[in-house]
Amino acid sequence: MVDMWYTLNIYRRLISISIRGQLQYRVSFVFDILATALITALGFGTIALVLQRFDNIAGWTVYEIAFLFGMAETAFGIMDMIFSGFDPPYFGRRVRLGSFDQLLLRPVNLIAQVLGSEFVLRRLGRIIQGSIILIISISNLEIQWTTVKILMLPVVFVSLVIFFGGLFIVGAALSFWTIESLEAVNIFTYGGTEMMQYPMDIYPNLMRAFFTYILPAIFLLYYPALYILDKPDPLGMPPFSPFLAPFVAVIVFTLALVFWNYGLRFYQSSGT
Amino acid sequence: MPSIISVNNLNKHFKIYKHHRGITGPLRNLATRKATTIKAVNGINFEIETGELVGYLGPNGAGKSTTIKMLTGLLVPTSGEIKVNGRIPWKSRKEHVSEIGAVFGQRTTLWWDLPVIESLDLLQYIYKIPPEIFQNNLDEFREMLELDPFLNTPVRALSLGQRMRADICAALLHNPKLLFLDEPTIGLDVVAKERIRRFIQHINQQRSTTVLLTTHDLLDVEKLCKRVMIIDHGELVYDGKLELLRERFGGKRKLIVDFIEEYDQISIEGAIIAEREGSRITFHFTPHDITASELINQLSSRYRIRDLEVREPDIETTIRRIYEERLLE
């Protein structure tokens, strides 16, 4: 307990250093947030335009898609802010430059230190944008709210954050093996979110199988969304499928930590 | 004295993959992973006792930093055994690093945006340093390392010498039993180097902190270390007293004598006249043939001497000879 309090306290102090550093450049900070918000808005704007033409994608209306989009964007944005230190390109650079050494030299839990090493506030842009889309979606959807659905929403949301966090940790850990940057990792981290913004039934079988059995992203947003929006399951999975999100998230995150600890043994530091 | 560091048949091998160029390069890198193994550290053994101050030398790429990184727990050895303070560094990382201090001259361990004093305060919390100890150490180090002028400056704005002093202070606040210094004087001017040397010596003598030091500046070694270890191509090629190293490989000592008058015929058995400049003559001799005192005795009994000076072969020349001629193989 004492140890955990100590670690949390250090995490809090490290974060405040990072935030103070970012606030030193106020103008650039505001522009960063605006730019990020604009980019996210453009992303959804494109889908909305397409939907106006075709009315729906695989039976999903614009507001239903907006629900998926808003959930995925907001959760990813929050994760991206909390897990900034694990952001694979950022962490990869740290490993290449050898500045990861300094974390290894301190007698503090490594995960807490990496989380504390960076806390990128400009991700707020994505979070604000995502939550606006989510609110617009929910207020237009006329969801039949039940106690289960009301409880489900925050649980699914937190599960998404944890799940994305796990992907970031795996992506970061890959840089222990290779000194060059691995752009391929982004397919799973950023690509994973993009993929979840659409209904799963639009994807080819092989890809869906991958996101069901190998990286079970399908249970994190698609199935909970089917349940909340009272949509039939076109894929015929077991009836408990909408409730798997927290379990999948915890398992993926735990495996990510195991992978990270394994990868640490291969850390090579850098010359000199 | 018990060993504080013991290293047994330690190996660290890196696999280097051949990199393809161009757009398809990364894909081909994955497909054809041709690896060459680099033996950065190859089967080294040594023990260091509590309170020793040991110089760890070797040319670039010899394996110095790799060894230090394994000792500090940053790298996991390919094989072999390391015990530091009775622990295996990488296995109990947190306990291990709480009892050591480490300074890597090439990069800082402080927080870039924080003023020095705030970095030090944060370290007090991280290392759980009791307030009295922290205050005593800080007062002492502030004075010795002259930190006061830049205590409130952010680390990013410090000069190299200031940063190094701040880093050394930071590495010692928690009273570590063991201090690892990787190139602590690199890029510093003569005055700054001297200040750091004096401080290292002070810490080693007053607190019996064990120090392992890598450096390219052989003056560091000469002024600080009684014992040196030399690594080359991943292998430990010398481990012993600095004196012995000089005797074995140092080549010739010099005796420079100013005579009161010019002598045409001077000969001493065991010494060679290397230079002659008016009444000043430089003799070369090896301790094996004749000792300095014998030589001086013989000269002063036969000739009239105004002044004389004995010059030791400098360690730089000695070590360069070892690297270049690979004398120890």
# chains A, B, ... in the order shown; residues from 1 in each chain; ligands from 1
>>> select_by_dssp(residues="range 99-299 of chain B", states="helix (DSSP H, G or I)", output="MDAnalysis selection string")
chainID B and resid 116:126 131:145 148:150 155:157 160:172 190:207 218:224 242:249 292:299
>>> closest_atom_pairs(of="chain A", to="chain B", cutoff="8 Å", atoms="only C-alpha atoms", output="Markdown table")
| residue | atom | partner | partner_atom | distance |
| --- | --- | --- | --- | --- |
| A:Ile10 | CA | B:Ile126 | CA | 7.1 |
| A:Ile17 | CA | B:Leu114 | CA | 7.5 |
| A:Gly21 | CA | B:Asp113 | CA | 6.4 |
| A:Ser99 | CA | B:Arg107 | CA | 7.8 |
| A:Asp101 | CA | B:Leu74 | CA | 6.6 |
| A:Gln102 | CA | B:Thr109 | CA | 5.3 |
| A:Leu104 | CA | B:Leu74 | CA | 6.1 |
| A:Leu105 | CA | B:Val97 | CA | 5.8 |
| A:Arg106 | CA | B:Val97 | CA | 6.2 |
| A:Pro107 | CA | B:Lys94 | CA | 4.2 |
| A:Val108 | CA | B:Lys94 | CA | 6.3 |
| A:Asn109 | CA | B:Lys94 | CA | 7.6 |
| A:Arg265 | CA | B:Val76 | CA | 5.8 |
| A:Phe266 | CA | B:Val76 | CA | 7.4 |
| A:Tyr267 | CA | B:Leu75 | CA | 6.6 |
| A:Gln268 | CA | B:Leu75 | CA | 6.4 |
| A:Ser269 | CA | B:Leu75 | CA | 7.3 |
| A:Gly271 | CA | B:Ser65 | CA | 7.9 |
| A:Thr272 | CA | B:Ser65 | CA | 5.9 |
>>> residues_around(residues="Arg123 in chain A", least_positions_apart="3", cutoff="7 Å", atoms="only C-alpha atoms", output="PyMOL selection string")
chain A and resi 33+36+77+80-81+120+126-127
>>> closest_residue(among="A:Ile202, A:Leu244, A:Ile228, A:Ile135", to="Gly70 in chain A", atoms="only C-alpha atoms")
A:Ile135
>>> residues_around(residues="Ile19 in chain A", least_positions_apart="6", cutoff="10 Å", atoms="only C-alpha atoms", output="PDB file with C-alpha atoms, in the first residue's frame")
ATOM      1  CA  ARG A  13       4.880  14.850  -9.752  1.00  0.00           C
ATOM      2  CA  GLU A 118       4.965  12.447 -21.079  1.00  0.00           C
ATOM      3  CA  PHE A 119       1.401  13.714 -20.831  1.00  0.00           C
ATOM      4  CA  VAL A 120       0.489  15.394 -24.083  1.00  0.00           C
ATOM      5  CA  LEU A 121      -2.264  17.894 -23.334  1.00  0.00           C
TER       6      LEU A 121
END
>>> closest_residue(among="B:Ser267, B:Ser119, B:Ser300, B:Asn42", to="Ala170 in chain B", atoms="only C-alpha atoms")
B:Ser119
>>> atom_distance(atom1="CA of Gly85 in chain A", atom2="CA of Gln113 in chain A")
8.6 Å
>>> atom_distance(atom1="CA of Asn9 in chain A", atom2="CA of Leu174 in chain A")
28.5 Å
>>> closest_residue(among="A:Glu73, A:Asp233, A:Asp201, A:Asp32", to="Phe157 in chain A", atoms="only C-alpha atoms")
A:Glu73
>>> residues_around(residues="Glu140 in chain B", least_positions_apart="3", cutoff="12 Å", atoms="only C-alpha atoms", output="list of chain:residue names")
B:Ile133, B:Phe134, B:Gln135, B:Asn136, B:Asn137, B:Glu143, B:Met144, B:Leu145, B:Glu146, B:Leu147, B:Asp148, B:Cys169, B:Leu172, B:Leu173, B:Phe199, B:His202, B:Ile203, B:Gln206
>>> select_by_dssp(residues="range 23-271 of chain B", states="strand (DSSP E)", output="PyMOL selection string")
chain B and resi 35-49+53-57+79-84+100-104+178-182+210-214+227-232+235-241+253-259+271
>>> decode(residues="range 280-316 of chain B", atoms="N, CA and C atoms", output="compact mmCIF listing (two decimals), in the first residue's frame")
# COMPACT_ATOMS: atom_id res chain seq x y z
N ARG B 280 72.82 20.97 -21.36
CA ARG B 280 71.69 20.16 -20.91
C ARG B 280 71.66 18.83 -21.65
N ILE B 281 71.61 17.76 -20.89
CA ILE B 281 71.61 16.43 -21.50
C ILE B 281 70.42 15.64 -21.00
N THR B 282 69.75 14.96 -21.94
CA THR B 282 68.62 14.12 -21.55
C THR B 282 69.03 12.65 -21.66
N PHE B 283 68.94 11.94 -20.53
CA PHE B 283 69.25 10.50 -20.52
C PHE B 283 67.96 9.69 -20.55
N HIS B 284 67.99 8.60 -21.25
CA HIS B 284 66.89 7.62 -21.17
C HIS B 284 67.39 6.41 -20.41
N PHE B 285 66.55 5.89 -19.53
CA PHE B 285 66.99 4.67 -18.82
C PHE B 285 65.76 3.88 -18.40
N THR B 286 65.94 2.60 -18.18
CA THR B 286 64.84 1.80 -17.67
C THR B 286 65.20 1.33 -16.27
N PRO B 287 64.26 1.26 -15.38
CA PRO B 287 64.53 0.88 -13.99
C PRO B 287 65.19 -0.49 -13.90
N HIS B 288 64.96 -1.28 -14.94
CA HIS B 288 65.55 -2.61 -14.98
C HIS B 288 67.09 -2.54 -15.01
N ASP B 289 67.60 -1.56 -15.77
CA ASP B 289 69.05 -1.43 -15.93
C ASP B 289 69.70 -0.62 -14.81
N ILE B 290 69.05 0.48 -14.49
CA ILE B 290 69.64 1.35 -13.48
C ILE B 290 68.52 2.13 -12.80
N THR B 291 68.59 2.30 -11.51
CA THR B 291 67.54 3.07 -10.84
C THR B 291 67.88 4.55 -10.95
N ALA B 292 66.87 5.37 -10.71
CA ALA B 292 67.07 6.82 -10.82
C ALA B 292 68.13 7.29 -9.82
N SER B 293 68.07 6.75 -8.61
CA SER B 293 69.01 7.24 -7.59
C SER B 293 70.44 6.83 -7.91
N GLU B 294 70.63 5.60 -8.43
CA GLU B 294 71.98 5.19 -8.84
C GLU B 294 72.54 6.09 -9.92
N LEU B 295 71.66 6.37 -10.89
CA LEU B 295 72.08 7.21 -12.00
C LEU B 295 72.49 8.59 -11.52
N ILE B 296 71.65 9.15 -10.66
CA ILE B 296 71.95 10.49 -10.14
C ILE B 296 73.22 10.47 -9.30
N ASN B 297 73.38 9.44 -8.48
CA ASN B 297 74.58 9.29 -7.67
C ASN B 297 75.84 9.28 -8.52
N GLN B 298 75.80 8.43 -9.53
CA GLN B 298 76.98 8.31 -10.39
C GLN B 298 77.31 9.62 -11.08
N LEU B 299 76.24 10.29 -11.59
CA LEU B 299 76.47 11.55 -12.29
C LEU B 299 77.04 12.60 -11.36
N SER B 300 76.44 12.71 -10.17
CA SER B 300 76.84 13.80 -9.29
C SER B 300 78.22 13.56 -8.67
N SER B 301 78.64 12.28 -8.62
CA SER B 301 79.97 12.02 -8.08
C SER B 301 81.06 12.35 -9.11
N ARG B 302 80.68 12.33 -10.41
CA ARG B 302 81.71 12.55 -11.42
C ARG B 302 81.63 13.93 -12.08
N TYR B 303 80.44 14.50 -12.11
CA TYR B 303 80.28 15.78 -12.82
C TYR B 303 79.62 16.79 -11.91
N ARG B 304 79.70 18.06 -12.33
CA ARG B 304 79.08 19.11 -11.51
C ARG B 304 77.71 19.45 -12.10
N ILE B 305 76.72 19.29 -11.26
CA ILE B 305 75.34 19.42 -11.74
C ILE B 305 74.70 20.67 -11.15
N ARG B 306 73.99 21.42 -12.02
CA ARG B 306 73.27 22.58 -11.52
C ARG B 306 71.85 22.18 -11.10
N ASP B 307 71.21 21.39 -11.97
CA ASP B 307 69.79 21.07 -11.72
C ASP B 307 69.47 19.78 -12.44
N LEU B 308 68.47 19.06 -11.91
CA LEU B 308 68.05 17.87 -12.66
C LEU B 308 66.57 17.57 -12.43
N GLU B 309 66.04 16.76 -13.34
CA GLU B 309 64.60 16.47 -13.27
C GLU B 309 64.36 15.06 -13.82
N VAL B 310 63.59 14.25 -13.07
CA VAL B 310 63.24 12.91 -13.56
C VAL B 310 61.84 12.97 -14.14
N ARG B 311 61.68 12.47 -15.34
CA ARG B 311 60.34 12.44 -15.94
C ARG B 311 59.87 11.01 -16.12
N GLU B 312 58.67 10.76 -15.57
CA GLU B 312 58.06 9.44 -15.75
C GLU B 312 57.50 9.36 -17.16
N PRO B 313 57.48 8.15 -17.71
CA PRO B 313 56.79 8.01 -18.99
C PRO B 313 55.31 8.29 -18.73
N ASP B 314 54.67 9.11 -19.55
CA ASP B 314 53.28 9.38 -19.19
C ASP B 314 52.37 8.23 -19.59
N ILE B 315 51.28 8.14 -18.83
CA ILE B 315 50.39 7.00 -18.95
C ILE B 315 49.72 6.97 -20.33
N GLU B 316 49.54 8.17 -20.88
CA GLU B 316 48.91 8.23 -22.19
C GLU B 316 49.71 7.45 -23.23
